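Participant: Sharing structure.cif below, mmCIF, C-alpha atoms:
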data_protein
#
loop_
_atom_site.label_atom_id
_atom_site.label_comp_id
_atom_site.auth_asym_id
_atom_site.auth_seq_id
_atom_site.Cartn_x
_atom_site.Cartn_y
_atom_site.Cartn_z
CA MET P 1 -32.26 -21.47 80.56
CA SER P 2 -28.97 -21.29 78.71
CA THR P 3 -28.38 -21.77 75.02
CA HIS P 4 -26.50 -24.89 73.95
CA SER P 5 -24.62 -24.62 70.66
CA PRO P 6 -20.95 -24.72 69.66
CA THR P 7 -20.30 -21.01 70.28
CA ALA P 8 -22.45 -20.84 73.43
CA ASP P 9 -20.74 -23.92 74.83
CA ALA P 10 -17.31 -22.40 74.07
CA LEU P 11 -18.30 -19.17 75.83
CA GLN P 12 -19.52 -21.06 78.90
CA HIS P 13 -16.36 -23.18 78.95
CA GLU P 14 -14.11 -20.08 79.00
CA LEU P 15 -16.18 -18.49 81.78
CA GLN P 16 -15.88 -21.47 84.15
CA VAL P 17 -12.60 -20.04 85.48
CA LEU P 18 -14.82 -17.49 87.30
CA GLN P 19 -16.45 -20.35 89.24
CA PRO P 20 -19.92 -18.88 88.72
CA GLN P 21 -22.70 -19.69 91.16
CA HIS P 22 -25.12 -18.90 88.34
CA ILE P 23 -24.61 -18.51 84.62
CA GLU P 24 -27.22 -17.96 81.94
CA LEU P 25 -26.25 -17.45 78.32
CA ILE P 26 -28.96 -16.72 75.77
CA ASN P 27 -28.50 -16.53 72.01
CA GLU P 28 -30.36 -13.38 70.98
CA SER P 29 -29.21 -13.44 67.35
CA MET P 30 -32.74 -14.05 66.09
CA ASN P 31 -33.69 -10.56 67.34
CA HIS P 32 -31.26 -8.87 64.97
CA SER P 33 -31.22 -8.15 61.26
CA GLY P 34 -29.45 -10.65 59.03
CA TYR P 35 -30.49 -13.58 61.21
CA PHE P 36 -30.46 -17.06 59.74
CA ASP P 37 -31.11 -20.37 61.44
CA GLY P 38 -28.10 -21.32 63.54
CA LYS P 39 -26.52 -17.85 63.67
CA GLU P 40 -24.52 -17.24 66.86
CA SER P 41 -23.57 -13.57 66.88
CA HIS P 42 -25.50 -11.88 69.72
CA PHE P 43 -25.60 -13.22 73.26
CA LYS P 44 -26.89 -12.09 76.64
CA LEU P 45 -24.85 -13.25 79.61
CA THR P 46 -26.03 -13.16 83.21
CA ILE P 47 -23.26 -14.35 85.51
CA VAL P 48 -22.93 -14.42 89.29
CA SER P 49 -19.52 -14.94 90.90
CA ASP P 50 -17.58 -14.09 94.05
CA VAL P 51 -14.76 -13.01 91.72
CA PHE P 52 -16.68 -9.79 91.00
CA GLU P 53 -16.62 -8.73 94.67
CA GLY P 54 -14.98 -5.31 95.03
CA LYS P 55 -14.79 -4.77 91.26
CA ARG P 56 -16.54 -1.94 89.45
CA LEU P 57 -18.80 -2.77 86.53
CA VAL P 58 -16.19 -1.88 83.90
CA ALA P 59 -13.61 -4.15 85.58
CA ARG P 60 -16.12 -7.02 85.61
CA HIS P 61 -16.80 -6.55 81.90
CA GLN P 62 -13.07 -6.35 81.12
CA LEU P 63 -12.54 -9.60 83.00
CA VAL P 64 -15.28 -11.37 81.03
CA TYR P 65 -14.12 -9.94 77.69
CA GLY P 66 -10.55 -10.99 78.46
CA LEU P 67 -11.69 -14.58 78.95
CA VAL P 68 -13.81 -14.80 75.78
CA ASN P 69 -11.68 -12.56 73.54
CA ALA P 70 -10.83 -15.30 71.03
CA LEU P 71 -14.56 -15.87 70.37
CA LEU P 72 -15.29 -12.23 69.46
CA THR P 73 -15.57 -11.17 65.81
CA SER P 74 -12.72 -8.69 66.35
CA GLN P 75 -10.47 -11.72 66.89
CA GLY P 76 -11.96 -13.91 64.14
CA GLY P 77 -14.75 -15.46 66.23
CA GLN P 78 -18.51 -15.39 65.70
CA VAL P 79 -19.65 -13.23 68.63
CA HIS P 80 -20.48 -9.69 67.50
CA ALA P 81 -22.28 -8.59 70.67
CA LEU P 82 -22.17 -9.82 74.25
CA ALA P 83 -24.50 -8.10 76.72
CA ILE P 84 -22.91 -8.74 80.12
CA HIS P 85 -24.82 -8.61 83.39
CA ALA P 86 -22.26 -9.48 86.07
CA PHE P 87 -23.26 -9.69 89.73
CA THR P 88 -21.83 -10.75 93.05
CA PRO P 89 -23.95 -13.30 94.93
CA ILE P 90 -25.14 -10.55 97.32
CA GLU P 91 -26.20 -8.25 94.44
CA TRP P 92 -28.02 -10.87 92.42
CA GLN P 93 -31.70 -11.26 93.15
CA GLY P 94 -32.59 -13.38 90.12
CA GLN P 95 -32.66 -10.44 87.73
CA SER P 96 -31.74 -10.72 84.07
CA PRO P 97 -31.92 -7.22 82.53
CA ASP P 98 -32.83 -6.67 78.90
CA SER P 99 -30.02 -6.37 76.39
CA PRO P 100 -29.35 -2.98 74.78
CA LEU P 101 -30.34 -2.31 71.18
CA CYS P 102 -27.66 -3.21 68.67
CA ALA P 103 -27.00 -0.02 66.67
CA GLY P 104 -30.70 0.18 65.89
CA GLN P 105 -30.67 -3.13 64.04
CA ASN P 106 -33.05 -5.04 66.31
CA LYS P 107 -36.07 -6.59 64.62
CA SER P 108 -39.44 -5.17 65.56
#
Can I see the file as structure tokens?
Facilitator:
Amino acid sequence: MSTHSPTADALQHELQVLQPQHIELINESMNHSGYFDGKESHFKLTIVSDVFEGKRLVARHQLVYGLVNALLTSQGGQVHALAIHAFTPIEWQGQSPDSPLCAGQNKS
């Protein structure tokens, strides 16, 4: 299930250029300190695309970050953290790994 909100929708829109066979975007902001209702700062992305074929993990992440760059806080956007899980169709078996801790600021 993907999150639907202005920032999540903008992220998904930018990622459509990858023609994903599967995309799941979850707002995990509520798991982090400083959360308030409607906050859109931490997301987990699981994306499956043929575009990732032959690319190492770092190249896949660079590709995704390049597409969503304008939405990141470093560029004036709202997204502080984006946990990316990028798979080719052959690699993906329905998995959606946990996101890493955010500088120790996750809520217990």
Participant: List every protein, DNA or RNA residue with an atom no more than 12 Å from (-20.1, -23.4, 71.3) in the file's coordinates, counting only C-alpha atoms, and format the result as a list in words.
Facilitator: Ser2, Thr3, His4, Ser5, Pro6, Thr7, Ala8, Asp9, Ala10, Leu11, Gln12, His13, Glu14, Leu25, Ile26, Asn27, Gly38, Lys39, Glu40, Ser41, Phe43, Val68, Leu71, Gly77, Gln78 and Val79 of chain P
Participant: Of the candidates P:Met30, P:Leu18, P:Leu72, P:Val64, which shows the shortest atom-to-atom distance to P:Val51, using only C-alpha atoms?
Facilitator: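 Closest to P:Val51, using only C-alpha atoms: P:Leu18.
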Participant: Go through the shown structure with the PyMOL selection byres ((chain P and resi 48) around 9) and write out the matching residues as an MDAnalysis selection string.
Facilitator: chainID P and resid 18:23 46:47 49:52 85:89 91:92
Participant: Would you mind telling me which residue in P:Glu24, P:Gln16, P:His80, P:Ser96 lies nearest to P:Leu67 when using all atoms listed in the file?
Facilitator: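 Checking each candidate against P:Leu67, we get P:Gln16 as the closest.
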Participant: What does the distance between atom CA of P:Ile84 and atom CA of P:Leu45 come to in Å, to one decimal place?
Facilitator: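 Computing it gives 4.9 Å between the two atoms.
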Participant: In Å to one decimal, how far is atom CA of P:Lys55 from atom CA of P:Gly76?
Facilitator: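 Value for the atom CA of P:Gly76-atom CA of P:Lys55 distance: 28.8 Å.
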Participant: Could you write out as AutoDock Vina command-line options the box around stretch 90-95 of chain P (axis-aligned, all atoms listed in the file, 8 Å on each side), with centre and edge lengths in Å to one decimal?
Facilitator:
--center_x -28.9 --center_y -10.8 --center_z 92.5 --size_x 23.5 --size_y 21.1 --size_z 25.6
Participant: Measure the distance from atom CA of P:Leu15 to atom CA of P:Lys44 in Å and round it to one decimal.
Facilitator: 13.5 Å
Participant: May I ask which of the residues P:Val17, P:His42, P:Gly54, P:Ile90 is the closest one to P:Gly66, counting all atoms listed in the file?
Facilitator: P:Val17
